[in-house]
Amino acid sequence: MEQRPDIMSMMPEELAEFVRSIGEKPYRAEQLFTWMAKGAEIDEMTNLPKSFRDKLKECAEYRLPKIEEKFVSKIDGTVKYLFSLVDGECVESVLMKYEHGNTLCVSSQAGCAMGCKFCASTLNGRVRNLTPSEILGQAAKAAHDSGERVDGIVMMGIGEPLDNYDNVIRFLKLVSHEKGMGIGLRHISLSTCGLVPKIYNLAEEGLPVTLSVSLHAWDDRIRDELMPVNRKYKIAQLLEACRKYFEKTGRRVSFEYTLIAGKNDSKEDAVQLAKVIRQGMRAPTHVNLILLNEVKETGLKTPARQRAREFAAELDKNGVNATVRRKLGSDIDASCGQLRLKKLAERENPAEQN
């Protein structure tokens, strides 16, 4: 069966060519592009003729995600979405509300192949990459559902963005397009576990996004254990790529460091982490300290919040700027991966849910 064109993955000029190919005026493409960026269903695109909308339903694939489940925090208004995709796969997004605006955490893959030991997203492996439209659709649908503008994006949801490189690059161009959602690239953070060659590629794209690197250890032995990617790309190689990214883009690199009790959270760990970052980067950096979100399947434990504050103070004392990330949506389990796992388990064992 011939695959229908995925219109939400198209740039405006590509969409114009598609519109011409089905016998419509080119200016309809701009209207359609704007509607899709708003997360509208085809029948909601009221300034498009019904005949055109019918053609779209017949000739095109519109991969706008559907809201499977939605949870709203009573503490801080954080909204967690479980979206279902056209093939029934599920991904998660989290809309976080700050004084400076709304930030959406999006997923880039259904599942993840990276195998990080502390992460729920990777427990069942990677099923498939998301299309540009399925990544964009999370942002468009969240804005449409909430009635609020999405001001920033963090690519820190399910999946490794640089493992879905081409689709992620196209998503970045789509979501930042002035006739679409218009989210500035400087308000977008892309998180990676450390696919070194792809970091070099990203530096050449001319897209000034913030690179956020999941480090989680200062020592190769510990990082090998926690993050299998480190067996291929060692910490020194990763930091060199991050330094080159800064030199090429002028964008400060941030490091994510999840504190795991008894594994990487001692005072000596902080001292050594600061030393490794200073020597490897020789450029402005920032460390975001994250208290582990416990996943029962891993057996890993989170330390006390006081330990995180002490760790941050030790980093600061040793010349590395650090903050402890505030946990949003604590009453709705807003960390990514676990809601998808629960939904998969329900599908596999429906009788146990009754």
# chains A, B, ... in the order shown; residues from 1 in each chain; ligands from 1
>>> residues_around(residues="segment 301-318 of chain A", least_positions_apart="6", cutoff="7 Å", atoms="only C-alpha atoms", output="PyMOL selection string")
chain A and resi 259-261+267+270-271+274+291-294+324
>>> residues_around(residues="Ile153 of chain A", least_positions_apart="4", cutoff="8 Å", atoms="only C-alpha atoms", output="mmCIF file with C-alpha atoms, in the first residue's frame")
data_model
loop_
_atom_site.group_PDB
_atom_site.id
_atom_site.type_symbol
_atom_site.label_atom_id
_atom_site.label_comp_id
_atom_site.auth_asym_id
_atom_site.auth_seq_id
_atom_site.Cartn_x
_atom_site.Cartn_y
_atom_site.Cartn_z
ATOM 1 C CA THR A 103 7.948 24.916 28.884
ATOM 2 C CA LEU A 104 6.996 21.582 27.344
ATOM 3 C CA CYS A 105 9.088 18.443 27.713
ATOM 4 C CA VAL A 106 8.633 16.310 24.583
ATOM 5 C CA ILE A 183 9.319 29.015 19.406
ATOM 6 C CA HIS A 187 14.388 28.607 24.084
ATOM 7 C CA ILE A 188 14.891 24.953 23.150
ATOM 8 C CA SER A 189 17.127 22.504 25.040
#
>>> residues_around(residues="segment 43-52 of chain A", least_positions_apart="5", cutoff="8 Å", atoms="only C-alpha atoms", output="list of chain:residue names")
A:Glu24, A:Arg28, A:Gln31, A:Leu32, A:Trp35
>>> write_last_selection(atoms="N, CA and C atoms", output="short mmCIF file (atom, residue, chain, number, x, y, z; two decimals), in the first residue's frame")
data_model
loop_
_atom_site.label_atom_id
_atom_site.label_comp_id
_atom_site.auth_asym_id
_atom_site.auth_seq_id
_atom_site.Cartn_x
_atom_site.Cartn_y
_atom_site.Cartn_z
N GLU A 24 -5.26 22.35 -5.44
CA GLU A 24 -5.66 23.49 -4.63
C GLU A 24 -4.70 24.66 -4.84
N ARG A 28 -3.33 28.12 0.15
CA ARG A 28 -3.96 27.26 1.14
C ARG A 28 -2.93 26.56 2.03
N GLN A 31 -2.27 28.57 5.16
CA GLN A 31 -3.38 28.42 6.10
C GLN A 31 -3.30 27.07 6.82
N LEU A 32 -3.03 26.04 6.05
CA LEU A 32 -2.94 24.69 6.61
C LEU A 32 -1.78 24.58 7.60
N TRP A 35 -2.76 26.21 10.86
CA TRP A 35 -3.73 25.41 11.61
C TRP A 35 -3.06 24.22 12.29
#
>>> closest_residue(among="A:Phe171, A:Arg186, A:Met96, A:Cys116", to="Asn230 of chain A", atoms="only C-alpha atoms")
A:Cys116
>>> closest_residue(among="A:Ile75, A:Ser108, A:Arg282, A:Gln237", to="Asp163 of chain A", atoms="only C-alpha atoms")
A:Ser108
>>> select_by_dssp(residues="segment 110-150 of chain A", states="strand (DSSP E or B)", output="list in words")
Ala110, Gly111, Arg126, Val127, Arg128 and Asn129 of chain A
>>> select_by_dssp(residues="segment 30-107 of chain A", states="helix (DSSP H, G or I)", output="list in words")
Glu30, Gln31, Leu32, Phe33, Thr34, Trp35, Met36, Ala37, Ile42, Asp43, Glu44, Lys50, Ser51, Phe52, Arg53, Asp54, Lys55, Leu56, Lys57, Glu58 and Cys59 of chain A
>>> write_last_selection(atoms="C-alpha atoms", output="PDB file, in the first residue's frame")
ATOM      1  CA  GLU A  30       0.084  28.650   4.569  1.00  0.00           C
ATOM      2  CA  GLN A  31      -3.378  28.419   6.104  1.00  0.00           C
ATOM      3  CA  LEU A  32      -2.938  24.691   6.612  1.00  0.00           C
ATOM      4  CA  PHE A  33       0.535  25.092   8.115  1.00  0.00           C
ATOM      5  CA  THR A  34      -0.793  27.620  10.631  1.00  0.00           C
ATOM      6  CA  TRP A  35      -3.733  25.410  11.609  1.00  0.00           C
ATOM      7  CA  MET A  36      -1.505  22.370  12.154  1.00  0.00           C
ATOM      8  CA  ALA A  37       0.837  24.408  14.358  1.00  0.00           C
ATOM      9  CA  ILE A  42      -8.863  18.918  10.117  1.00  0.00           C
ATOM     10  CA  ASP A  43     -12.562  19.635  10.682  1.00  0.00           C
ATOM     11  CA  GLU A  44     -11.615  22.569  12.951  1.00  0.00           C
ATOM     12  CA  LYS A  50     -14.880  21.446   3.076  1.00  0.00           C
ATOM     13  CA  SER A  51     -13.837  20.006  -0.286  1.00  0.00           C
ATOM     14  CA  PHE A  52     -10.177  20.704   0.582  1.00  0.00           C
ATOM     15  CA  ARG A  53     -10.551  19.204   4.053  1.00  0.00           C
ATOM     16  CA  ASP A  54     -12.101  16.089   2.526  1.00  0.00           C
ATOM     17  CA  LYS A  55      -9.146  15.808   0.138  1.00  0.00           C
ATOM     18  CA  LEU A  56      -6.745  16.045   3.070  1.00  0.00           C
ATOM     19  CA  LYS A  57      -8.514  13.203   4.858  1.00  0.00           C
ATOM     20  CA  GLU A  58      -8.341  11.089   1.725  1.00  0.00           C
ATOM     21  CA  CYS A  59      -4.880  11.953   0.363  1.00  0.00           C
TER      22      CYS A  59
END
>>> atom_distance(atom1="atom CA of Asp76 of chain A", atom2="atom CA of Gly101 of chain A")
13.4 Å
>>> residues_around(residues="Pro228 of chain A", least_positions_apart="2", cutoff="10 Å", atoms="only C-alpha atoms", output="VMD selection string")
chain A and resid 113 to 117 193 223 to 226 230 to 233
>>> residues_around(residues="Glu61 of chain A", least_positions_apart="6", cutoff="10 Å", atoms="only C-alpha atoms", output="ChimeraX atom specification")
/A:3-9,86
>>> write_last_selection(atoms="N, CA and C atoms", output="mmCIF file, in the first residue's frame")
data_model
loop_
_atom_site.group_PDB
_atom_site.id
_atom_site.type_symbol
_atom_site.label_atom_id
_atom_site.label_comp_id
_atom_site.auth_asym_id
_atom_site.auth_seq_id
_atom_site.Cartn_x
_atom_site.Cartn_y
_atom_site.Cartn_z
ATOM 1 N N GLN A 3 2.219 4.773 0.850
ATOM 2 C CA GLN A 3 2.113 5.598 2.056
ATOM 3 C C GLN A 3 1.685 7.009 1.686
ATOM 4 N N ARG A 4 0.715 7.519 2.408
ATOM 5 C CA ARG A 4 0.242 8.871 2.133
ATOM 6 C C ARG A 4 1.222 9.899 2.696
ATOM 7 N N PRO A 5 1.313 11.081 2.090
ATOM 8 C CA PRO A 5 2.241 12.113 2.564
ATOM 9 C C PRO A 5 1.912 12.560 3.989
ATOM 10 N N ASP A 6 2.936 12.692 4.802
ATOM 11 C CA ASP A 6 2.810 13.135 6.196
ATOM 12 C C ASP A 6 2.882 14.660 6.208
ATOM 13 N N ILE A 7 1.733 15.304 6.128
ATOM 14 C CA ILE A 7 1.712 16.751 5.888
ATOM 15 C C ILE A 7 2.260 17.570 7.055
ATOM 16 N N MET A 8 2.135 17.077 8.282
ATOM 17 C CA MET A 8 2.599 17.859 9.425
ATOM 18 C C MET A 8 4.128 17.848 9.543
ATOM 19 N N SER A 9 4.778 16.967 8.788
ATOM 20 C CA SER A 9 6.245 16.941 8.760
ATOM 21 C C SER A 9 6.807 17.823 7.658
ATOM 22 N N VAL A 86 -0.527 7.194 15.807
ATOM 23 C CA VAL A 86 -1.387 6.567 14.802
ATOM 24 C C VAL A 86 -1.355 5.041 14.853
#
>>> atom_distance(atom1="atom CA of Thr323 of chain A", atom2="atom CA of Cys112 of chain A")
27.1 Å
>>> closest_atom_pairs(of="segment 191-230 of chain A", to="segment 174-178 of chain A", cutoff="12 Å", atoms="only C-alpha atoms", output="Markdown table")
| residue | atom | partner | partner_atom | distance |
| --- | --- | --- | --- | --- |
| A:Leu207 | CA | A:Ser176 | CA | 10.0 |
| A:Pro208 | CA | A:Ser176 | CA | 11.2 |
| A:Val209 | CA | A:Ser176 | CA | 10.7 |
>>> atom_distance(atom1="atom CA of Gly280 of chain A", atom2="atom CA of Gly194 of chain A")
14.4 Å
